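Everything below concerns the one structure shown next.
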Amino acid sequence: MIRKERAILALEDGTVYRGYAFGHRGETVGEVVFNTSMTGYQEIMTDPSYNGQIVTITYPHVGNYGVAIYDMESNKPYVRGFISREFSGEYSNHRAQQSLEAFMQQYGVVSIQGIDTRALVRRLRTGGVVKGVIAHRSFTHPEDSYGEFTPAEEQVYVQRARDHQDIDGHDMTREVTTALPYAFPTLRRGKRVVLMDFGIKHTIIERLAEVGIEPIVVPAHTTPAQIMALQPHGLFLSNGPGDPAPLEYAHKTAWELMGLLPTFGICLGHQILGLAAGGRTFKMKFGHRGGNQPVKNLLTGNVEITSQNHGYAVDIDSIPNGAFVATHVNLNDGTLEGMAHSRYPVFSVQYHPEASPGPHDSRYLFDRFIEEIDAFDGGDGSPIVKASAGRLGV
């Protein structure tokens with residue numbers, strides 16, 4: 001029988017799950033969420049939108065195809081921790097360069113396996129997301145890595161979870177945005193678009209380049225004047241982590257540029273547009289995280305299976321004067337998944353249309369963005385403001 005190093009997951013509600021250590025040995029604290037994707041663990045770990053969160057994978061076996069450098073969505077993992085029913089210590093994949101555990105050890109990702117993830121997910125669905133701590137006994141008791149945590153020790157970690165700062169009201173974007181602007185290299189000239197980096201994924205930039213856009217990525221705090229000085233044809237508001245409400249600088253920028261440039265927002269960018277227009281956002285009970293979320297396109301009647309990662313949503317009814325109209329809704333809970341401005345070429349979706357990982361049903365939105373830019377230019381560079389809702393269908 002192989003002995004395994006002990007570990008615990010302690011939640012702020014007092015629940016403690018006992019399992020085994022995996023990845024980097026240590027302790028970590030964050031908001032515990034769950035993702036229902038069957039593949040794509042590397043893309044999930046390196047998605048900056050997970051900054052501040054410990055991710056539970058509902059699929060029971062993780063790590064069997066290893067880690068490939070070309071599947072990175074950023075330059076490092078941003079998850080605070082990882083939870084699985086069972087991690088694989090071996091892998092088989094001709095594209096992979098290393099095992100998942102070696103990757104976690106390299107980047108300091110503290111993880112736990114061997115717990116009942118179905119019970120954990122049911123608890124999160126019933127009670128909502130909570131803060132939690134993963135602790136490895138080998139980190140706290142190097143002389144006895146295989147022993148059990150005492151009840152008193154477990155309660156220390158429960159209290160540590162309770163004392164941890166909430167994501168609500170905290171600007172998580174500052175920790176993930178680029179420090180300096182940069183241009184993404186393309187092989188052909190295209191429409192210049194400024195991408196505001198609130199935690200952007202590499203694949204999103206690549207998809208925009210594929211449809212004929214020259215992406216220029218700028219920090220989240222870039223001002224409207226600095227953006228317009230780049231003489232862009234369009235504006236893209238990226239995905240990102242946490243609560244959109246405290247990002248008042250981003251709300252202000254989006255508001256001042258609304259109508260001046262064709263604009264496409266996804267995920268956090270979608271929420272920022274809603275707040276910029278005077279609307280409200282709210283925190284969801286357990287959010288949408290996974291590659292199997294059904295979304296209905298209200299303009300075409302088509303149903304798309306989408307990749308999502310968010311814990312907040314826009315209240316479309318709170319946006320004054322009908323400035324935005326709903327274009328997409330979630331078929332599981334009816335929450336807003338997409339909207340378009342009633343006058344300007346501005347539209348957004350709550351999900352990740354680049355689908356990394358996930359289905360490709362929504363990639364048409366990148367083509368629609370190019371159509372918005374072409375229509376706005378009028379073919380000769382002259383600004384022609386048109387409503388975008390009618391051109392968002394397939």
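Chain labels A, B, ... are given in the sequence in which chains occur in the structure tokens; within each chain residues are numbered consecutively from 1, and ligands are likewise numbered from 1 in the order shown.
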
Just want the 7 Å neighbourhood of range 95-108 of chain A, counted on only C-alpha atoms, with same-chain residues fewer than 3 positions away dropped. Output as a PyMOL selection string.
chain A and resi 22-24+63+66-68+77+89-91

If DSSP is run on the backbone, what residues of range 174-327 of chain A are strand (DSSP E)? A reply as a PyMOL selection string would be ideal.
chain A and resi 182-183+191-197+213-219+234-237+263-266+280-297+303-315+324-327

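In this comparison, which uses only C-alpha atoms, the residue of A:Gly334, A:Pro320, A:Gly242, A:Gly26 approaching Tyr50 in chain A most closely is A:Gly242.
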
Taking 4 positions as the minimum chain separation for residues in the same chain, which residues sit within 9 Å of Gly132 in chain A when counting only C-alpha atoms? Answer as a list in words.
Leu9, Ala10, Leu11, Glu12, Asp13, Thr28, Val29, Gly30, Glu31, Val32, Ile54, Tyr157, Val158, Arg160, Ala161, Arg162 and His164 of chain A

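For His233 in chain A, the set of protein, DNA and RNA residues having any atom at most 6 Å away, when counting only C-alpha atoms and skipping those fewer than 5 positions along the same chain, is Lys191, Arg192 and Val193 of chain A.
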
Residues just named, written with N, CA, C and O atoms as a CSV table (one decimal), in the first residue's frame:
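Result went into out00.csv, see below:
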```
chain,number,residue,atom,x,y,z
A,191,LYS,N,-7.6,45.8,-39.2
A,191,LYS,CA,-8.1,46.9,-38.5
A,191,LYS,C,-7.5,46.9,-37.1
A,191,LYS,O,-7.4,45.9,-36.4
A,192,ARG,N,-7.0,48.1,-36.7
A,192,ARG,CA,-6.3,48.2,-35.4
A,192,ARG,C,-7.4,48.3,-34.3
A,192,ARG,O,-8.3,49.2,-34.3
A,193,VAL,N,-7.3,47.4,-33.3
A,193,VAL,CA,-8.2,47.4,-32.2
A,193,VAL,C,-7.5,47.4,-30.9
A,193,VAL,O,-6.5,46.7,-30.7
```

Which residues of range 119-227 of chain A sit at most 12 Å from range 80-84 of chain A, using only C-alpha atoms? Give each one's shortest atom pair and distance in Å (one decimal place), in chain and ascending residue order, as JSON lines.
```
{"residue": "A:Leu120", "atom": "CA", "partner": "A:Ile83", "partner_atom": "CA", "distance": 10.0}
{"residue": "A:Val121", "atom": "CA", "partner": "A:Ile83", "partner_atom": "CA", "distance": 10.9}
{"residue": "A:Lys131", "atom": "CA", "partner": "A:Arg80", "partner_atom": "CA", "distance": 11.3}
{"residue": "A:Gly132", "atom": "CA", "partner": "A:Gly81", "partner_atom": "CA", "distance": 9.8}
{"residue": "A:Val133", "atom": "CA", "partner": "A:Gly81", "partner_atom": "CA", "distance": 8.8}
{"residue": "A:Ile134", "atom": "CA", "partner": "A:Gly81", "partner_atom": "CA", "distance": 7.4}
{"residue": "A:Ala135", "atom": "CA", "partner": "A:Gly81", "partner_atom": "CA", "distance": 10.2}
{"residue": "A:His136", "atom": "CA", "partner": "A:Gly81", "partner_atom": "CA", "distance": 11.9}
```
